[in-house]
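Text of the file work_8.csv, holding CSV, C-alpha atoms:
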```csv
chain,number,residue,atom,x,y,z
B,1,MET,CA,-21.3,-85.5,0.2
B,2,PHE,CA,-20.3,-84.2,3.5
B,3,TRP,CA,-23.8,-82.8,4.1
B,4,LEU,CA,-25.5,-86.0,2.9
B,5,ARG,CA,-23.5,-88.1,5.3
B,6,ARG,CA,-24.2,-85.8,8.2
B,7,ALA,CA,-27.9,-85.7,7.5
B,8,LEU,CA,-28.4,-89.5,6.8
B,9,VAL,CA,-26.0,-91.0,9.3
B,10,HIS,CA,-25.7,-88.5,12.1
B,11,GLN,CA,-29.0,-86.7,12.2
B,12,LYS,CA,-31.6,-89.1,10.9
B,13,GLY,CA,-29.7,-92.3,11.8
B,14,TRP,CA,-31.3,-94.1,8.7
B,15,ILE,CA,-28.0,-95.9,7.9
B,16,ASP,CA,-24.7,-96.4,9.7
B,17,ASP,CA,-21.3,-95.3,8.5
B,18,ARG,CA,-20.5,-98.7,7.1
B,19,GLU,CA,-23.6,-98.8,4.9
B,20,PHE,CA,-22.9,-95.2,3.8
B,21,VAL,CA,-19.4,-96.2,2.6
B,22,GLU,CA,-20.8,-99.2,0.9
B,23,LEU,CA,-23.4,-97.1,-1.0
B,24,LEU,CA,-20.8,-94.6,-1.8
B,25,GLY,CA,-18.5,-97.3,-3.3
B,26,MET,CA,-21.3,-98.5,-5.5
B,27,SER,CA,-22.3,-94.9,-6.6
B,28,GLN,CA,-18.8,-94.2,-7.6
B,29,VAL,CA,-18.8,-96.9,-10.2
B,30,LEU,CA,-22.2,-95.9,-11.6
B,31,PRO,CA,-22.2,-93.2,-14.3
B,32,GLY,CA,-23.6,-89.8,-13.5
B,33,PRO,CA,-23.6,-87.6,-10.4
B,34,VAL,CA,-22.3,-89.6,-7.4
B,35,ALA,CA,-24.6,-87.9,-4.9
B,36,PHE,CA,-27.6,-88.6,-7.1
B,37,ASN,CA,-26.9,-92.2,-7.5
B,38,LEU,CA,-26.1,-92.7,-3.8
B,39,THR,CA,-29.5,-91.1,-2.9
B,40,LEU,CA,-31.3,-93.3,-5.4
B,41,MET,CA,-29.9,-96.5,-4.0
B,42,LEU,CA,-30.4,-95.4,-0.5
B,43,GLY,CA,-34.0,-94.5,-1.3
B,44,HIS,CA,-34.5,-98.0,-2.7
B,45,ARG,CA,-33.0,-99.6,0.4
B,46,LEU,CA,-35.3,-97.7,2.7
B,47,GLY,CA,-38.5,-97.6,0.8
B,48,GLY,CA,-38.3,-99.7,-2.4
B,49,TYR,CA,-38.9,-98.2,-5.8
B,50,ARG,CA,-41.2,-95.5,-4.4
B,51,GLY,CA,-38.5,-94.6,-1.9
B,52,ALA,CA,-35.9,-94.4,-4.7
B,53,ALA,CA,-38.2,-92.1,-6.7
B,54,ALA,CA,-38.9,-89.9,-3.7
B,55,ALA,CA,-35.2,-89.6,-2.7
B,56,ALA,CA,-34.1,-88.8,-6.2
B,57,ALA,CA,-36.8,-86.2,-6.8
B,58,GLY,CA,-36.1,-84.6,-3.4
B,59,LEU,CA,-32.4,-84.3,-4.1
B,60,ILE,CA,-32.6,-83.0,-7.6
B,61,CYS,CA,-35.7,-80.8,-7.8
B,62,PRO,CA,-35.0,-77.9,-5.4
B,63,PRO,CA,-31.4,-77.3,-6.7
B,64,LEU,CA,-32.7,-77.7,-10.3
B,65,VAL,CA,-35.1,-74.8,-9.8
B,66,ILE,CA,-32.4,-72.6,-8.3
B,67,THR,CA,-29.8,-73.5,-10.9
B,68,CYS,CA,-32.2,-72.9,-13.8
B,69,ALA,CA,-33.1,-69.5,-12.2
B,70,LEU,CA,-29.4,-68.7,-12.2
B,71,GLY,CA,-29.1,-69.8,-15.8
B,72,VAL,CA,-32.0,-67.6,-16.9
B,73,ALA,CA,-30.4,-64.7,-15.0
B,74,TYR,CA,-27.1,-65.4,-16.8
B,75,GLY,CA,-29.0,-65.0,-20.1
B,76,TYR,CA,-29.9,-61.4,-19.1
B,77,VAL,CA,-26.9,-60.1,-17.2
B,78,GLY,CA,-24.1,-62.5,-18.2
B,79,THR,CA,-22.7,-60.3,-20.9
B,80,MET,CA,-22.4,-57.2,-18.7
B,81,PRO,CA,-18.7,-56.4,-18.1
B,82,ALA,CA,-19.0,-56.5,-14.3
B,83,MET,CA,-20.6,-59.9,-14.5
B,84,GLN,CA,-18.1,-61.1,-16.9
B,85,ALA,CA,-15.3,-60.0,-14.6
B,86,MET,CA,-16.8,-61.8,-11.6
B,87,LEU,CA,-17.5,-65.0,-13.6
B,88,ARG,CA,-13.9,-65.0,-14.9
B,89,GLY,CA,-12.7,-64.9,-11.3
B,90,MET,CA,-15.1,-67.7,-10.4
B,91,SER,CA,-14.0,-69.8,-13.3
B,92,TYR,CA,-10.4,-69.8,-12.1
B,93,VAL,CA,-11.7,-71.0,-8.7
B,94,ALA,CA,-13.9,-73.7,-10.4
B,95,ALA,CA,-10.8,-74.9,-12.2
B,96,GLY,CA,-9.0,-75.1,-8.8
B,97,LEU,CA,-11.9,-77.1,-7.4
B,98,VAL,CA,-11.6,-79.7,-10.1
B,99,LEU,CA,-7.8,-79.8,-9.7
B,100,ALA,CA,-8.2,-80.3,-5.9
B,101,ASN,CA,-10.6,-83.1,-6.6
B,102,ALA,CA,-8.1,-84.8,-9.0
B,103,LEU,CA,-5.1,-84.3,-6.7
B,104,GLY,CA,-7.0,-85.6,-3.7
B,105,LEU,CA,-8.0,-88.8,-5.5
B,106,ALA,CA,-4.5,-89.1,-7.0
B,107,GLY,CA,-3.0,-89.0,-3.5
B,108,ALA,CA,-4.9,-92.2,-2.7
B,109,LEU,CA,-3.5,-94.1,-5.8
B,110,PRO,CA,-1.1,-96.9,-5.0
B,111,ARG,CA,2.6,-95.9,-5.5
B,112,ARG,CA,3.1,-98.2,-8.5
B,113,PRO,CA,3.8,-97.1,-12.0
B,114,VAL,CA,0.8,-98.7,-13.8
B,115,PRO,CA,-2.0,-96.6,-12.4
B,116,TRP,CA,0.0,-93.4,-13.0
B,117,LEU,CA,0.7,-94.5,-16.6
B,118,PHE,CA,-3.1,-94.6,-17.1
B,119,VAL,CA,-3.5,-91.2,-15.5
B,120,ALA,CA,-0.9,-89.8,-17.9
B,121,ALA,CA,-2.2,-91.7,-20.9
B,122,VAL,CA,-5.7,-90.4,-20.4
B,123,PHE,CA,-4.5,-86.8,-19.9
B,124,VAL,CA,-2.4,-86.8,-23.0
B,125,ALA,CA,-5.1,-88.4,-25.1
B,126,VAL,CA,-8.0,-86.3,-23.9
B,127,ALA,CA,-6.5,-82.9,-22.9
B,128,LEU,CA,-3.5,-82.6,-25.3
B,129,LEU,CA,-4.4,-84.7,-28.3
B,130,HIS,CA,-8.2,-84.1,-28.2
B,131,PHE,CA,-9.1,-87.7,-28.9
B,132,PRO,CA,-12.8,-88.5,-28.5
B,133,LEU,CA,-13.5,-89.1,-24.9
B,134,VAL,CA,-15.8,-92.1,-25.4
B,135,ALA,CA,-13.2,-93.9,-27.6
B,136,VAL,CA,-10.5,-93.2,-25.0
B,137,MET,CA,-12.6,-94.6,-22.2
B,138,ALA,CA,-13.8,-97.6,-24.2
B,139,THR,CA,-10.2,-98.6,-24.9
B,140,LEU,CA,-8.3,-97.6,-21.8
B,141,GLY,CA,-11.1,-98.5,-19.3
B,142,PRO,CA,-11.3,-102.2,-20.0
B,143,CYS,CA,-7.5,-102.4,-20.2
B,144,ALA,CA,-7.2,-100.8,-16.8
B,145,VAL,CA,-9.8,-103.0,-15.2
B,146,ALA,CA,-8.3,-106.2,-16.8
B,147,ILE,CA,-4.8,-105.3,-15.6
B,148,THR,CA,-6.1,-104.6,-12.0
B,149,TRP,CA,-8.0,-107.9,-12.1
B,150,ALA,CA,-5.0,-109.9,-13.4
B,151,GLY,CA,-2.7,-108.3,-10.8
B,152,ARG,CA,-5.1,-109.2,-8.1
B,153,ARG,CA,-5.2,-112.9,-8.9
B,154,GLN,CA,-1.4,-113.2,-8.9
B,155,LYS,CA,-1.2,-112.3,-5.2
U,1,MET,CA,-34.6,-81.4,-32.9
U,2,LEU,CA,-31.9,-79.5,-31.1
U,3,ALA,CA,-33.0,-81.0,-27.8
U,4,ALA,CA,-33.1,-84.5,-29.3
U,5,SER,CA,-29.5,-84.3,-30.4
U,6,ILE,CA,-28.5,-82.8,-27.0
U,7,PHE,CA,-30.2,-85.8,-25.4
U,8,VAL,CA,-28.5,-88.4,-27.6
U,9,HIS,CA,-25.0,-87.0,-27.4
U,10,PHE,CA,-25.1,-86.1,-23.7
U,11,PHE,CA,-26.6,-89.5,-22.9
U,12,ILE,CA,-23.7,-91.4,-24.6
U,13,LEU,CA,-21.1,-89.3,-22.9
U,14,CYS,CA,-22.8,-89.4,-19.5
U,15,ALA,CA,-23.0,-93.2,-19.7
U,16,PHE,CA,-19.2,-93.1,-19.3
U,17,ALA,CA,-19.2,-90.5,-16.5
U,18,VAL,CA,-18.0,-93.0,-13.9
U,19,GLY,CA,-16.9,-91.0,-10.8
U,20,GLY,CA,-19.1,-87.9,-11.6
U,21,LEU,CA,-19.8,-85.6,-14.4
U,22,ASN,CA,-16.4,-83.8,-14.2
U,23,THR,CA,-14.9,-86.8,-15.9
U,24,VAL,CA,-16.8,-86.2,-19.1
U,25,MET,CA,-16.5,-82.4,-19.1
U,26,PRO,CA,-13.8,-82.4,-21.8
U,27,GLY,CA,-16.0,-84.5,-24.0
U,28,LEU,CA,-19.0,-82.2,-23.5
U,29,PHE,CA,-16.9,-79.2,-24.1
U,30,HIS,CA,-15.5,-80.6,-27.3
U,31,TYR,CA,-19.0,-81.5,-28.6
U,32,VAL,CA,-20.8,-78.3,-27.6
U,33,VAL,CA,-18.0,-75.7,-28.3
U,34,ASP,CA,-15.7,-77.2,-30.9
U,35,GLU,CA,-17.9,-79.4,-33.0
U,36,GLN,CA,-21.3,-77.8,-32.9
U,37,GLY,CA,-20.3,-74.2,-32.0
U,38,TRP,CA,-23.5,-73.8,-29.9
U,39,LEU,CA,-21.6,-71.9,-27.2
U,40,GLY,CA,-18.4,-70.0,-26.9
U,41,ALA,CA,-15.6,-71.3,-24.7
U,42,ARG,CA,-16.1,-68.5,-22.2
U,43,GLU,CA,-19.8,-69.1,-22.1
U,44,PHE,CA,-19.2,-72.8,-21.3
U,45,THR,CA,-16.8,-72.0,-18.5
U,46,ASP,CA,-19.1,-69.3,-17.1
U,47,LEU,CA,-22.0,-71.9,-16.9
U,48,TYR,CA,-19.6,-74.4,-15.4
U,49,ALA,CA,-18.6,-71.9,-12.7
U,50,ILE,CA,-22.3,-71.0,-12.0
U,51,GLY,CA,-23.1,-74.7,-11.6
U,52,GLN,CA,-20.4,-75.0,-8.9
U,53,ALA,CA,-21.8,-72.1,-7.0
U,54,ALA,CA,-25.4,-73.3,-7.2
U,55,PRO,CA,-26.7,-75.6,-4.4
U,56,GLY,CA,-27.2,-79.4,-4.9
U,57,PRO,CA,-25.2,-81.8,-7.0
U,58,ASN,CA,-22.5,-80.0,-8.8
U,59,ALA,CA,-23.3,-81.8,-12.0
U,60,LEU,CA,-26.2,-79.4,-12.6
U,61,TRP,CA,-23.9,-77.3,-14.8
U,62,VAL,CA,-24.9,-79.9,-17.5
U,63,THR,CA,-28.5,-78.6,-17.2
U,64,LEU,CA,-27.3,-75.1,-17.6
U,65,ILE,CA,-25.5,-76.0,-20.9
U,66,GLY,CA,-28.8,-77.5,-22.2
U,67,LEU,CA,-30.8,-74.5,-21.1
U,68,ARG,CA,-28.4,-72.0,-22.9
U,69,VAL,CA,-28.3,-74.0,-26.1
U,70,ALA,CA,-31.9,-74.9,-26.5
U,71,SER,CA,-34.0,-73.2,-23.8
U,72,TRP,CA,-36.3,-75.3,-21.6
U,73,PRO,CA,-36.4,-78.4,-23.9
U,74,GLY,CA,-32.6,-78.3,-23.9
U,75,ALA,CA,-32.5,-78.1,-20.1
U,76,LEU,CA,-34.9,-81.1,-19.8
U,77,ALA,CA,-33.0,-83.1,-22.4
U,78,ALA,CA,-29.6,-82.4,-20.8
U,79,THR,CA,-30.9,-83.2,-17.3
U,80,ALA,CA,-32.5,-86.5,-18.4
U,81,ALA,CA,-29.4,-87.5,-20.3
U,82,MET,CA,-27.2,-86.8,-17.3
U,83,LEU,CA,-29.4,-88.7,-14.8
U,84,LEU,CA,-30.7,-91.6,-16.8
U,85,PRO,CA,-27.5,-93.7,-17.1
U,86,GLY,CA,-27.2,-93.7,-13.3
U,87,VAL,CA,-30.9,-94.7,-12.9
U,88,LEU,CA,-30.6,-97.5,-15.4
U,89,PHE,CA,-27.4,-98.9,-13.9
U,90,SER,CA,-28.8,-98.5,-10.3
U,91,LEU,CA,-31.9,-100.5,-11.3
U,92,LEU,CA,-29.6,-103.1,-12.8
U,93,LEU,CA,-27.5,-103.4,-9.7
U,94,ILE,CA,-30.7,-103.6,-7.5
U,95,GLY,CA,-32.0,-106.2,-9.8
U,96,LEU,CA,-28.8,-108.2,-9.5
U,97,GLN,CA,-29.0,-107.8,-5.8
U,98,ALA,CA,-25.4,-106.6,-6.0
U,99,ARG,CA,-25.0,-105.3,-2.6
U,100,ASN,CA,-21.5,-106.2,-2.0
U,101,PRO,CA,-19.0,-103.5,-3.1
U,102,SER,CA,-16.1,-105.6,-1.9
U,103,ALA,CA,-16.7,-108.4,-4.3
U,104,PRO,CA,-13.5,-109.1,-6.2
U,105,PHE,CA,-14.7,-107.8,-9.6
U,106,ALA,CA,-16.3,-104.7,-8.1
U,107,VAL,CA,-13.0,-103.9,-6.4
U,108,ALA,CA,-11.0,-104.5,-9.6
U,109,PHE,CA,-13.5,-102.3,-11.5
U,110,ARG,CA,-13.3,-99.5,-9.1
U,111,ARG,CA,-9.5,-99.6,-8.7
U,112,GLY,CA,-8.9,-100.0,-12.4
U,113,LEU,CA,-11.1,-97.1,-13.3
U,114,ALA,CA,-9.8,-94.7,-10.6
U,115,PRO,CA,-6.7,-93.7,-12.6
U,116,ILE,CA,-8.9,-93.1,-15.7
U,117,ALA,CA,-11.3,-90.9,-13.7
U,118,ILE,CA,-8.3,-89.0,-12.3
U,119,GLY,CA,-6.8,-88.5,-15.7
U,120,LEU,CA,-10.1,-87.1,-16.9
U,121,MET,CA,-10.4,-84.7,-14.0
U,122,PHE,CA,-7.0,-83.3,-14.7
U,123,SER,CA,-8.1,-83.0,-18.3
U,124,SER,CA,-11.2,-81.1,-17.1
U,125,GLY,CA,-9.1,-78.6,-15.2
U,126,TRP,CA,-6.9,-78.2,-18.3
U,127,VAL,CA,-9.8,-77.5,-20.5
U,128,LEU,CA,-11.2,-75.0,-18.1
U,129,LEU,CA,-7.9,-73.1,-17.7
U,130,ARG,CA,-7.3,-73.0,-21.4
U,131,SER,CA,-10.8,-71.6,-22.2
U,132,ILE,CA,-10.7,-68.9,-19.6
U,133,GLY,CA,-7.5,-67.6,-21.1
U,134,HIS,CA,-3.9,-67.3,-20.2
U,135,ASP,CA,-3.3,-65.2,-17.1
U,136,TRP,CA,-0.7,-65.7,-14.4
U,137,ALA,CA,-2.9,-64.1,-11.7
U,138,GLY,CA,-5.7,-66.5,-12.7
U,139,LEU,CA,-3.5,-69.5,-12.6
U,140,ALA,CA,-2.4,-68.4,-9.1
U,141,ILE,CA,-6.0,-68.3,-8.1
U,142,THR,CA,-6.5,-71.8,-9.4
U,143,LEU,CA,-3.5,-73.2,-7.6
U,144,ALA,CA,-4.4,-71.3,-4.4
U,145,THR,CA,-7.9,-72.8,-4.6
U,146,ALA,CA,-6.6,-76.3,-5.0
U,147,ALA,CA,-4.2,-75.8,-2.1
U,148,ALA,CA,-7.0,-74.3,0.1
U,149,ILE,CA,-9.3,-77.2,-0.6
U,150,LEU,CA,-6.6,-79.8,0.1
U,151,ARG,CA,-5.1,-78.2,3.2
U,152,THR,CA,-7.9,-76.4,4.9
U,153,ARG,CA,-11.6,-77.0,5.6
U,154,LEU,CA,-12.7,-73.8,3.8
U,155,ASN,CA,-16.1,-73.9,2.2
U,156,PRO,CA,-15.8,-74.0,-1.6
U,157,LEU,CA,-18.6,-71.4,-1.8
U,158,LEU,CA,-16.4,-69.0,0.1
U,159,LEU,CA,-13.6,-69.5,-2.4
U,160,LEU,CA,-16.0,-69.0,-5.3
U,161,ALA,CA,-17.1,-65.7,-3.7
U,162,ALA,CA,-13.5,-64.7,-3.3
U,163,GLY,CA,-12.9,-65.5,-6.9
U,164,ALA,CA,-15.8,-63.4,-8.0
U,165,ALA,CA,-14.5,-60.5,-5.8
U,166,ALA,CA,-11.0,-60.9,-7.3
U,167,GLY,CA,-12.6,-60.7,-10.8
U,168,ALA,CA,-14.8,-57.7,-9.9
U,169,LEU,CA,-11.7,-55.8,-8.5
U,170,GLY,CA,-10.0,-56.4,-11.8
U,171,ALA,CA,-7.3,-58.7,-10.5
U,172,VAL,CA,-7.8,-61.2,-13.3
```

Kindly return the structure encoded in the file as structure tokens.
Amino acid sequence: MFWLRRALVHQKGWIDDREFVELLGMSQVLPGPVAFNLTLMLGHRLGGYRGAAAAAAGLICPPLVITCALGVAYGYVGTMPAMQAMLRGMSYVAAGLVLANALGLAGALPRRPVPWLFVAAVFVAVALLHFPLVAVMATLGPCAVAITWAGRRQK
Amino acid sequence: MLAASIFVHFFILCAFAVGGLNTVMPGLFHYVVDEQGWLGAREFTDLYAIGQAAPGPNALWVTLIGLRVASWPGALAATAAMLLPGVLFSLLLIGLQARNPSAPFAVAFRRGLAPIAIGLMFSSGWVLLRSIGHDWAGLAITLATAAAILRTRLNPLLLLAAGAAAGALGAV
């Protein structure tokens, strides 16, 4: 995201910071990779449907090739003890990256009990009780949005 | 057939991946490892870690899962399933001319779903840690990584390389 913003806003000047934040806000409520959705909508804004297709392909294709190459390599050397040891170390770091992501976003949550109850409820349901994720989201998601919406209108 | 069932199940899960693919990781893990037994827990976390180290959108670990389970058709199915929901909803938003992310409902939607996404990300971290195995040194690496990301501007790739080095030296 940092690199995208730098390239699009600062180097190319295709959009300004306000537009970038706007696109980012929309991408965050769309399902799927946030960077991909952002690029798709930006491509559409700049060049219509062809722009969207070009932007999406440009973002996804080169990394896809490299990632698949790594995946194929993993098939050959992934079970070697030395590789296993390195991957084990990397996995702990990857868990830390997710944790940092969650903590960073949690820091921006309002200091009220309701949002935190939802954080806790989701964690208990998905991580500890292994409830099906889609069912959890389909029940808790609309509740959370409805409560936020109702709370908003009271003010 | 394998690729088709990957596509269908991944598509349903990814349609709920609001806030990025990390939110549905526990669901994918449960389906691929626990229910179908296509991959072992360690294999899943290995692929997840490789996806973080690879360039581009971090969500490409989903492609790797598909590739391992069902070769190239699997990779294609997983990638399409991961990207299509976003494409469809983007087209919908474009069609509705919904350009204003500060519209009241959009704000309620985003604010309401934020705690859900955060709860799911904590769950993802939990699932990863449990699958790698119990190890205090490893847990220390995880916590140190989180602290480094939140407090410093270190590049995540550098941290992944450090993790690989720690693993190679037999620290975890």

Within 7 Å of chain U, which residues of chain B show up? Give each one with its shortest atom-to-atom distance in Å (one decimal) and the two atoms involved, counting only C-alpha atoms, rows by chain then rising residue number, as a Markdown table.
```
| residue | atom | partner | partner_atom | distance |
| --- | --- | --- | --- | --- |
| B:Glu22 | CA | U:Pro101 | CA | 6.1 |
| B:Gly25 | CA | U:Pro101 | CA | 6.2 |
| B:Met26 | CA | U:Pro101 | CA | 6.0 |
| B:Gln28 | CA | U:Gly19 | CA | 4.9 |
| B:Val29 | CA | U:Val18 | CA | 5.4 |
| B:Leu30 | CA | U:Val18 | CA | 5.6 |
| B:Pro31 | CA | U:Val18 | CA | 4.2 |
| B:Gly32 | CA | U:Gly20 | CA | 5.2 |
| B:Pro33 | CA | U:Gly20 | CA | 4.7 |
| B:Val34 | CA | U:Gly20 | CA | 5.5 |
| B:Ala35 | CA | U:Pro57 | CA | 6.5 |
| B:Asn37 | CA | U:Gly86 | CA | 6.0 |
| B:Met41 | CA | U:Ser90 | CA | 6.7 |
| B:Pro63 | CA | U:Gly56 | CA | 5.0 |
| B:Thr67 | CA | U:Ala54 | CA | 5.8 |
| B:Cys68 | CA | U:Leu64 | CA | 6.6 |
| B:Gly71 | CA | U:Leu64 | CA | 5.9 |
| B:Ala82 | CA | U:Ala168 | CA | 6.2 |
| B:Ala85 | CA | U:Gly167 | CA | 4.7 |
| B:Met86 | CA | U:Ala164 | CA | 4.1 |
| B:Leu87 | CA | U:Asp46 | CA | 5.8 |
| B:Arg88 | CA | U:Gly167 | CA | 6.1 |
| B:Gly89 | CA | U:Gly167 | CA | 4.2 |
| B:Met90 | CA | U:Gly163 | CA | 4.7 |
| B:Ser91 | CA | U:Ala49 | CA | 5.1 |
| B:Tyr92 | CA | U:Thr142 | CA | 5.1 |
| B:Val93 | CA | U:Thr142 | CA | 5.3 |
| B:Ala94 | CA | U:Ala49 | CA | 5.5 |
| B:Ala95 | CA | U:Gly125 | CA | 5.1 |
| B:Gly96 | CA | U:Thr142 | CA | 4.2 |
| B:Leu97 | CA | U:Ala146 | CA | 5.9 |
| B:Val98 | CA | U:Gly125 | CA | 5.8 |
| B:Leu99 | CA | U:Gly125 | CA | 5.8 |
| B:Ala100 | CA | U:Ala146 | CA | 4.4 |
| B:Ala102 | CA | U:Ile118 | CA | 5.3 |
| B:Gly104 | CA | U:Leu150 | CA | 6.9 |
| B:Leu105 | CA | U:Ile118 | CA | 6.8 |
| B:Ala106 | CA | U:Ile118 | CA | 6.5 |
| B:Pro115 | CA | U:Pro115 | CA | 5.5 |
| B:Trp116 | CA | U:Pro115 | CA | 6.7 |
| B:Phe118 | CA | U:Pro115 | CA | 5.8 |
| B:Val119 | CA | U:Gly119 | CA | 4.3 |
| B:Ala120 | CA | U:Gly119 | CA | 6.4 |
| B:Val122 | CA | U:Gly119 | CA | 5.2 |
| B:Phe123 | CA | U:Gly119 | CA | 5.1 |
| B:Val126 | CA | U:Ser123 | CA | 6.5 |
| B:Ala127 | CA | U:Ser123 | CA | 4.9 |
| B:Pro132 | CA | U:Gly27 | CA | 6.8 |
| B:Leu133 | CA | U:Gly27 | CA | 5.3 |
| B:Val134 | CA | U:Leu13 | CA | 6.5 |
| B:Gly141 | CA | U:Leu113 | CA | 6.2 |
| B:Ala144 | CA | U:Gly112 | CA | 4.8 |
| B:Val145 | CA | U:Gly112 | CA | 4.2 |
| B:Thr148 | CA | U:Gly112 | CA | 5.4 |
| B:Trp149 | CA | U:Ala108 | CA | 5.2 |
```

Tell me, in Å to one decimal, how far atom CA of Pro110 of chain B is from atom CA of Thr152 of chain U.
23.8 Å

Protein/DNA/RNA residues near (-28.6, -85.8, -0.8), cut 9 Å, only C-alpha atoms, as number ranges by chain
B: 1, 3-5, 7-8, 35-36, 38-39, 55-56, 58-60; U: 56-57

Record the distance separating atom CA of Leu96 of chain U and atom CA of Phe10 of chain U, expressed in Å with one decimal.
26.5 Å

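What separates atom CA of Leu140 of chain B from atom CA of Ala121 of chain B is a distance of 8.5 Å.
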
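The closest residue to Gly74 of chain U, picked from U:Val33, U:Phe44, U:Val8, U:Leu2 and counting all atoms listed in the file, is U:Leu2.
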